>>> print(open('entry-v3.csv').read())   # CSV, C-alpha atoms
chain,number,residue,atom,x,y,z
A,166,MET,CA,83.8,116.2,97.7
A,167,LYS,CA,84.9,115.9,94.1
A,168,LYS,CA,85.1,112.4,92.7
A,169,PRO,CA,88.9,112.3,92.2
A,170,LEU,CA,89.4,113.3,95.8
A,171,LYS,CA,87.0,110.6,96.9
A,172,ILE,CA,88.9,108.0,94.9
A,173,LEU,CA,92.2,109.2,96.4
A,174,THR,CA,90.9,109.1,99.9
A,175,SER,CA,89.5,105.6,99.5
A,176,LEU,CA,92.8,104.4,98.0
A,177,LEU,CA,94.8,105.8,100.8
A,178,CYS,CA,92.4,104.2,103.4
A,179,LEU,CA,92.9,100.8,101.7
A,180,ILE,CA,96.7,101.2,101.7
A,181,PHE,CA,96.6,102.2,105.4
A,182,ALA,CA,94.4,99.2,106.3
A,183,PHE,CA,96.6,96.8,104.3
A,184,ASN,CA,99.9,98.0,105.9
A,185,LEU,CA,98.4,98.1,109.4
A,186,THR,CA,97.3,94.4,109.0
A,187,ALA,CA,100.6,93.4,107.5
A,188,CYS,CA,102.7,94.6,110.5
A,189,LYS,CA,100.4,94.1,113.4
A,190,ASN,CA,102.1,90.9,114.6
A,191,ALA,CA,105.7,92.2,114.8
A,192,LYS,CA,107.6,90.7,117.6
A,193,PHE,CA,109.1,92.9,120.3
A,194,PRO,CA,112.8,93.6,119.6
A,195,THR,CA,115.2,92.8,122.4
A,196,ASN,CA,118.1,95.0,121.2
A,197,ASP,CA,117.0,97.5,118.6
A,198,ASN,CA,118.9,100.5,117.3
A,199,THR,CA,115.9,102.8,117.2
A,200,LEU,CA,116.3,106.1,118.9
A,201,TYR,CA,113.5,107.3,121.2
A,202,ILE,CA,112.4,110.9,121.5
A,203,ALA,CA,110.4,112.3,124.4
A,204,HIS,CA,107.3,114.0,123.0
A,205,ARG,CA,107.2,117.5,124.7
A,206,GLY,CA,109.2,116.0,127.5
A,207,TYR,CA,108.0,113.0,129.4
A,208,SER,CA,104.4,114.2,129.0
A,209,ASN,CA,102.7,110.9,130.0
A,210,ALA,CA,103.3,111.9,133.7
A,211,ASN,CA,103.7,115.7,133.5
A,212,VAL,CA,102.1,118.7,131.9
A,213,ASP,CA,103.7,118.8,128.5
A,214,ASN,CA,106.4,121.3,127.5
A,215,THR,CA,107.1,122.2,131.1
A,216,GLU,CA,110.3,122.0,133.2
A,217,ALA,CA,108.8,119.0,135.0
A,218,ALA,CA,108.3,117.1,131.7
A,219,TYR,CA,111.8,117.9,130.4
A,220,LEU,CA,113.4,117.0,133.8
A,221,GLU,CA,111.8,113.6,134.0
A,222,ALA,CA,112.6,112.9,130.3
A,223,SER,CA,116.2,113.8,131.1
A,224,THR,CA,116.5,111.0,133.6
A,225,LEU,CA,115.4,108.3,131.1
A,226,ASP,CA,117.2,106.8,128.2
A,227,PHE,CA,115.7,109.0,125.5
A,228,TYR,CA,117.9,110.1,122.6
A,229,GLY,CA,116.3,113.4,122.5
A,230,ILE,CA,113.7,115.7,124.1
A,231,GLU,CA,111.2,117.4,121.8
A,232,THR,CA,109.8,120.9,122.4
A,233,ASP,CA,107.5,123.3,120.7
A,234,VAL,CA,108.9,126.8,120.4
A,235,LYS,CA,106.8,130.1,120.1
A,236,VAL,CA,107.7,133.7,120.5
A,237,THR,CA,106.1,136.1,123.0
A,238,LYS,CA,104.8,139.7,122.5
A,239,ASP,CA,108.1,141.1,123.9
A,240,GLY,CA,110.3,138.9,121.7
A,241,TYR,CA,111.2,136.0,124.1
A,242,PHE,CA,111.1,132.3,123.1
A,243,VAL,CA,108.9,130.0,125.2
A,244,CYS,CA,107.9,126.3,125.0
A,245,ASN,CA,104.2,125.8,124.3
A,246,HIS,CA,102.3,123.7,121.8
A,247,ASP,CA,99.1,125.6,121.3
A,248,ASP,CA,98.6,129.3,120.4
A,249,VAL,CA,96.7,129.8,123.6
A,250,ALA,CA,98.1,129.0,127.0
A,251,VAL,CA,95.6,127.6,129.6
A,252,PHE,CA,96.4,128.1,133.3
A,253,GLU,CA,95.6,126.3,136.5
A,254,ASP,CA,92.9,128.8,137.4
A,255,GLY,CA,91.2,128.4,134.0
A,256,SER,CA,92.4,131.7,132.6
A,257,LYS,CA,93.9,131.9,129.1
A,258,LYS,CA,96.4,134.0,127.2
A,259,ILE,CA,97.4,134.1,123.6
A,260,VAL,CA,101.1,133.4,123.5
A,261,LYS,CA,102.1,135.9,120.8
A,262,ASN,CA,100.0,138.6,122.4
A,263,SER,CA,101.4,138.2,125.9
A,264,THR,CA,104.7,139.0,127.6
A,265,ARG,CA,107.0,136.4,128.9
A,266,ASP,CA,106.4,137.5,132.5
A,267,GLU,CA,102.6,137.2,132.0
A,268,LEU,CA,103.0,133.7,130.6
A,269,LEU,CA,105.3,132.5,133.4
A,270,ALA,CA,103.3,134.0,136.2
A,271,LYS,CA,100.9,131.0,136.8
A,272,ARG,CA,101.1,127.3,136.7
A,273,LEU,CA,99.6,125.6,133.6
A,274,ASN,CA,96.3,123.7,133.5
A,275,GLY,CA,96.6,120.3,135.1
A,276,ALA,CA,99.7,121.2,137.1
A,277,THR,CA,100.4,119.2,140.3
A,278,LYS,CA,104.1,120.2,140.6
A,279,ASN,CA,105.9,123.5,141.2
A,280,THR,CA,107.9,123.0,137.9
A,281,GLU,CA,104.8,122.9,135.7
A,282,TYR,CA,104.9,126.5,134.6
A,283,MET,CA,105.5,127.4,131.0
A,284,CYS,CA,109.2,126.8,130.3
A,285,THR,CA,111.5,129.2,128.7
A,286,PHE,CA,113.5,128.1,125.7
A,287,GLU,CA,116.8,128.7,127.5
A,288,ARG,CA,115.7,126.5,130.5
A,289,TYR,CA,114.7,123.7,128.1
A,290,LEU,CA,118.2,123.9,126.5
A,291,GLU,CA,119.9,123.8,129.9
A,292,ILE,CA,118.1,120.6,130.8
A,293,CYS,CA,119.1,119.0,127.5
A,294,LYS,CA,122.7,120.1,128.1
A,295,ASN,CA,122.8,118.8,131.6
A,296,SER,CA,121.6,115.4,130.5
A,297,ASN,CA,123.4,115.3,127.2
A,298,LYS,CA,120.2,114.9,125.3
A,299,ILE,CA,119.6,116.0,121.7
A,300,ALA,CA,117.3,119.0,121.6
A,301,ILE,CA,114.5,118.3,119.1
A,302,ILE,CA,113.1,121.8,118.3
A,303,GLU,CA,109.8,122.1,116.6
A,304,LEU,CA,109.2,125.5,115.1
A,305,LYS,CA,105.5,126.1,115.9
A,306,THR,CA,105.0,129.5,114.2
A,307,ASN,CA,106.1,131.3,111.1
A,308,PHE,CA,109.3,132.9,112.3
A,309,THR,CA,111.1,135.7,110.6
A,310,ASN,CA,114.7,135.1,109.4
A,311,ASP,CA,115.9,137.3,112.2
A,312,GLN,CA,114.0,135.2,114.7
A,313,LEU,CA,115.4,132.0,113.3
A,314,LYS,CA,118.9,133.4,113.6
A,315,GLN,CA,118.1,134.4,117.2
A,316,ILE,CA,116.9,130.9,118.0
A,317,PHE,CA,120.1,129.4,116.6
A,318,SER,CA,122.1,132.0,118.5
A,319,ILE,CA,120.4,131.0,121.8
A,320,VAL,CA,121.1,127.4,121.1
A,321,GLU,CA,124.8,128.1,120.5
A,322,SER,CA,125.1,130.2,123.7
A,323,VAL,CA,123.3,127.9,126.0
A,324,TYR,CA,124.1,124.4,124.5
A,325,SER,CA,125.5,123.6,121.1
A,326,LEU,CA,124.3,123.6,117.5
A,327,ASP,CA,125.8,120.1,117.2
A,328,LYS,CA,123.2,118.9,119.7
A,329,VAL,CA,120.0,120.0,118.0
A,330,GLU,CA,117.6,118.8,115.3
A,331,VAL,CA,115.0,121.1,113.9
A,332,ILE,CA,111.5,119.8,112.9
A,333,ASP,CA,108.7,121.6,111.1
A,334,PHE,CA,105.5,121.0,109.1
A,335,ASP,CA,106.4,124.0,106.9
A,336,ILE,CA,108.9,123.0,104.2
A,337,ASN,CA,109.4,126.7,103.2
A,338,GLN,CA,110.5,127.6,106.7
A,339,ILE,CA,112.9,124.6,106.6
A,340,LYS,CA,114.3,126.0,103.4
A,341,ARG,CA,114.8,129.4,105.0
A,342,ALA,CA,116.4,127.9,108.1
A,343,LYS,CA,118.8,125.8,106.0
A,344,LYS,CA,120.0,128.9,104.3
A,345,ILE,CA,120.9,130.3,107.7
A,346,ASN,CA,122.5,127.0,109.0
A,347,ASN,CA,122.7,124.1,106.7
A,348,ASN,CA,124.7,121.9,109.2
A,349,ILE,CA,121.7,121.3,111.5
A,350,PRO,CA,119.7,118.1,110.8
A,351,TYR,CA,116.1,119.0,109.7
A,352,GLN,CA,113.0,116.8,109.7
A,353,TYR,CA,110.0,117.5,107.6
A,354,LEU,CA,106.9,116.6,109.6
A,355,ILE,CA,104.4,114.7,107.5
A,356,SER,CA,100.7,114.1,108.2
A,357,PHE,CA,97.7,113.6,105.8
A,358,PRO,CA,97.3,115.7,103.8
A,359,ASN,CA,100.6,117.5,104.5
A,360,PHE,CA,102.8,115.2,102.3
A,361,ILE,CA,103.2,117.0,99.0
A,362,ASP,CA,106.8,118.0,99.7
A,363,ILE,CA,108.1,114.6,100.6
A,364,ASN,CA,110.1,114.2,97.4
A,365,TYR,CA,111.5,117.7,97.7
A,366,ALA,CA,112.8,116.8,101.2
A,367,LEU,CA,114.4,113.6,99.8
A,368,ARG,CA,116.1,115.5,97.1
A,369,ASN,CA,117.5,118.1,99.5
A,370,GLY,CA,118.8,116.1,102.3
A,371,ILE,CA,115.9,116.6,104.7
A,372,ASN,CA,114.9,113.8,107.0
A,373,LEU,CA,111.3,112.6,107.2
A,374,SER,CA,109.1,112.3,110.2
A,375,PHE,CA,105.6,110.8,109.7
A,376,ASN,CA,102.6,110.7,112.0
A,377,ARG,CA,101.7,107.1,112.5
A,378,THR,CA,98.7,107.1,110.0
A,379,ALA,CA,100.7,108.7,107.3
A,380,LEU,CA,103.6,106.3,107.6
A,381,HIS,CA,101.2,103.3,107.2
A,382,MET,CA,100.0,105.0,104.0
A,383,PHE,CA,103.6,105.6,102.7
A,384,PRO,CA,105.8,102.9,104.1
A,385,ASN,CA,107.9,102.8,100.9
A,386,TYR,CA,109.5,106.1,101.9
A,387,ILE,CA,111.4,104.4,104.6
A,388,GLU,CA,113.5,102.6,102.0
A,389,LYS,CA,113.6,105.6,99.8
A,390,ALA,CA,115.0,107.8,102.6
A,391,HIS,CA,117.5,105.2,103.7
A,392,LYS,CA,118.9,104.8,100.2
A,393,LYS,CA,119.7,108.5,100.3
A,394,GLY,CA,121.3,108.2,103.7
A,395,LEU,CA,118.4,110.0,105.4
A,396,LYS,CA,116.5,109.1,108.6
A,397,VAL,CA,112.8,108.4,109.1
A,398,GLY,CA,110.9,109.0,112.3
A,399,VAL,CA,107.3,108.3,113.4
A,400,TRP,CA,105.1,110.1,116.0
A,401,THR,CA,103.3,110.0,118.4
A,402,VAL,CA,103.4,106.3,119.3
A,403,ASP,CA,102.5,105.3,122.9
A,404,ASP,CA,101.3,101.7,122.5
A,405,LYS,CA,104.1,99.2,123.0
A,406,GLN,CA,103.0,96.9,120.2
A,407,ASP,CA,102.7,99.8,117.8
A,408,VAL,CA,106.3,100.8,118.7
A,409,ALA,CA,107.4,97.3,117.9
A,410,ASN,CA,105.5,97.4,114.6
A,411,PHE,CA,107.2,100.6,113.5
A,412,ILE,CA,110.6,99.3,114.5
A,413,ASP,CA,109.9,96.2,112.4
A,414,MET,CA,109.2,98.6,109.5
A,415,GLY,CA,112.6,100.1,109.9
A,416,VAL,CA,112.1,103.5,111.4
A,417,ASP,CA,115.1,105.3,113.0
A,418,TYR,CA,113.2,107.4,115.5
A,419,VAL,CA,110.1,106.8,117.6
A,420,THR,CA,108.5,109.9,119.3
A,421,SER,CA,106.4,109.0,122.3
A,422,ASN,CA,104.7,110.2,125.4
A,423,GLU,CA,105.7,106.9,127.0
A,424,PHE,CA,109.0,105.2,127.4
A,425,TYR,CA,109.9,101.6,126.7
A,426,GLY,CA,113.7,101.8,126.2
A,427,ASN,CA,114.9,99.0,124.1
A,428,PHE,CA,112.3,96.6,125.4
A,429,ASN,CA,114.9,94.8,127.6
>>> encode(input="entry-v3.csv", output="structure tokens")
Amino acid sequence: MKKPLKILTSLLCLIFAFNLTACKNAKFPTNDNTLYIAHRGYSNANVDNTEAAYLEASTLDFYGIETDVKVTKDGYFVCNHDDVAVFEDGSKKIVKNSTRDELLAKRLNGATKNTEYMCTFERYLEICKNSNKIAIIELKTNFTNDQLKQIFSIVESVYSLDKVEVIDFDINQIKRAKKINNNIPYQYLISFPNFIDINYALRNGINLSFNRTALHMFPNYIEKAHKKGLKVGVWTVDDKQDVANFIDMGVDYVTSNEFYGNFN
């Protein structure tokens, strides 16, 4: 490792340690305005990104239900986080090299319910619609412009473009998506070292969403974003005290595998 990078890494670690210590004693709020997002559905009790996870999240007081979207070999959109799908029988399939029927043929690894198959994008949207939840759509691959248009078209036909937010680690894909539809709220996902485009996001009306470590390193961006009328989220936070700490820091969204409501 080159010396400047060592210095930068050490400095970031010190900042992280300082901020973690500074907020570790935050009191639990009793009536906060923070919005809660179900990470890949309610995945603490279900196989993530499945109908079961989305259905259980839909019964709880989440603001939105997050999903990961990929495209199959035959051009359908499905919900899966990893490039490779692992099934109950131990077999595996690469999502982009498999057809939708192949991917939906068997329950996923860890399944205990009949609704823990890979979920289609349309079914996910139906669940969000039926429960009036915001669909938090993470673009998990490098989609073409035509595919982005198709995703938005499916949202419009099944649910509503007014009921979605799009999140992505790839600022360039966000730029392309905004050219297709600039009315949808976008979130730039930030983790170390994926933070070089934070200021671009702020200048161009893109909300920020940090992983928990990155937000401890860059807590000043909460105020910077709020001054521009933008939102700040944090993911993935499962510990109740950690949730309280981030609320105390002023975040607008908490994405979690767990659910604590408003602590009441």
>>> residues_around(input="entry-v3.csv", residues="A:Val234", least_positions_apart="3", cutoff="6 Å", atoms="only C-alpha atoms", output="PyMOL selection string")
chain A and resi 243-244+304-305
>>> atom_distance(input="entry-v3.csv", atom1="atom CA of A:Glu231", atom2="atom CA of A:Ala300")
6.3 Å
>>> residues_around(input="entry-v3.csv", residues="A:Asp239", least_positions_apart="4", cutoff="8 Å", atoms="only C-alpha atoms", output="PyMOL selection string")
chain A and resi 263-265
>>> residues_around(input="entry-v3.csv", residues="A:Asp327", least_positions_apart="4", cutoff="10 Å", atoms="all atoms listed in the file", output="PDB file with C-alpha atoms, keeping the file's coordinate frame")
ATOM      1  CA  ILE A 299     119.600 116.000 121.700  1.00  0.00           C
ATOM      2  CA  ALA A 300     117.300 119.000 121.600  1.00  0.00           C
ATOM      3  CA  VAL A 320     121.100 127.400 121.100  1.00  0.00           C
ATOM      4  CA  GLU A 321     124.800 128.100 120.500  1.00  0.00           C
ATOM      5  CA  ASN A 348     124.700 121.900 109.200  1.00  0.00           C
ATOM      6  CA  ILE A 349     121.700 121.300 111.500  1.00  0.00           C
ATOM      7  CA  PRO A 350     119.700 118.100 110.800  1.00  0.00           C
TER       8      PRO A 350
END
>>> closest_residue(input="entry-v3.csv", among="A:Thr378, A:Ile371, A:Arg341, A:Phe308", to="A:Pro358", atoms="only C-alpha atoms")
A:Thr378
>>> closest_residue(input="entry-v3.csv", among="A:Glu253, A:Leu395, A:Thr420, A:Tyr353", to="A:Gly370", atoms="all atoms listed in the file")
A:Leu395
>>> residues_around(input="entry-v3.csv", residues="A:Ile387", least_positions_apart="4", cutoff="12 Å", atoms="only C-alpha atoms", output="ChimeraX atom specification")
/A:363,367,372-375,379-383,391-399,411-418
>>> write_last_selection(input="entry-v3.csv", atoms="C-alpha atoms", output="short mmCIF file (atom, residue, chain, number, x, y, z; two decimals), in the frame of the given file")
data_model
loop_
_atom_site.label_atom_id
_atom_site.label_comp_id
_atom_site.auth_asym_id
_atom_site.auth_seq_id
_atom_site.Cartn_x
_atom_site.Cartn_y
_atom_site.Cartn_z
CA ILE A 363 108.10 114.60 100.60
CA LEU A 367 114.40 113.60 99.80
CA ASN A 372 114.90 113.80 107.00
CA LEU A 373 111.30 112.60 107.20
CA SER A 374 109.10 112.30 110.20
CA PHE A 375 105.60 110.80 109.70
CA ALA A 379 100.70 108.70 107.30
CA LEU A 380 103.60 106.30 107.60
CA HIS A 381 101.20 103.30 107.20
CA MET A 382 100.00 105.00 104.00
CA PHE A 383 103.60 105.60 102.70
CA HIS A 391 117.50 105.20 103.70
CA LYS A 392 118.90 104.80 100.20
CA LYS A 393 119.70 108.50 100.30
CA GLY A 394 121.30 108.20 103.70
CA LEU A 395 118.40 110.00 105.40
CA LYS A 396 116.50 109.10 108.60
CA VAL A 397 112.80 108.40 109.10
CA GLY A 398 110.90 109.00 112.30
CA VAL A 399 107.30 108.30 113.40
CA PHE A 411 107.20 100.60 113.50
CA ILE A 412 110.60 99.30 114.50
CA ASP A 413 109.90 96.20 112.40
CA MET A 414 109.20 98.60 109.50
CA GLY A 415 112.60 100.10 109.90
CA VAL A 416 112.10 103.50 111.40
CA ASP A 417 115.10 105.30 113.00
CA TYR A 418 113.20 107.40 115.50
#
>>> closest_residue(input="entry-v3.csv", among="A:Phe227, A:Phe424, A:Tyr386, A:Phe242", to="A:Asp403", atoms="all atoms listed in the file")
A:Phe424
>>> atom_distance(input="entry-v3.csv", atom1="atom CA of A:Val419", atom2="atom CA of A:Ser318")
27.9 Å
>>> atom_distance(input="entry-v3.csv", atom1="atom CA of A:Val402", atom2="atom CA of A:Arg377")
7.1 Å
>>> closest_residue(input="entry-v3.csv", among="A:Glu303, A:Asp333, A:Glu281, A:Asp407", to="A:Val212", atoms="only C-alpha atoms")
A:Glu281
>>> closest_residue(input="entry-v3.csv", among="A:Lys314, A:Lys328, A:Lys278, A:Lys340", to="A:Glu291", atoms="all atoms listed in the file")
A:Lys328
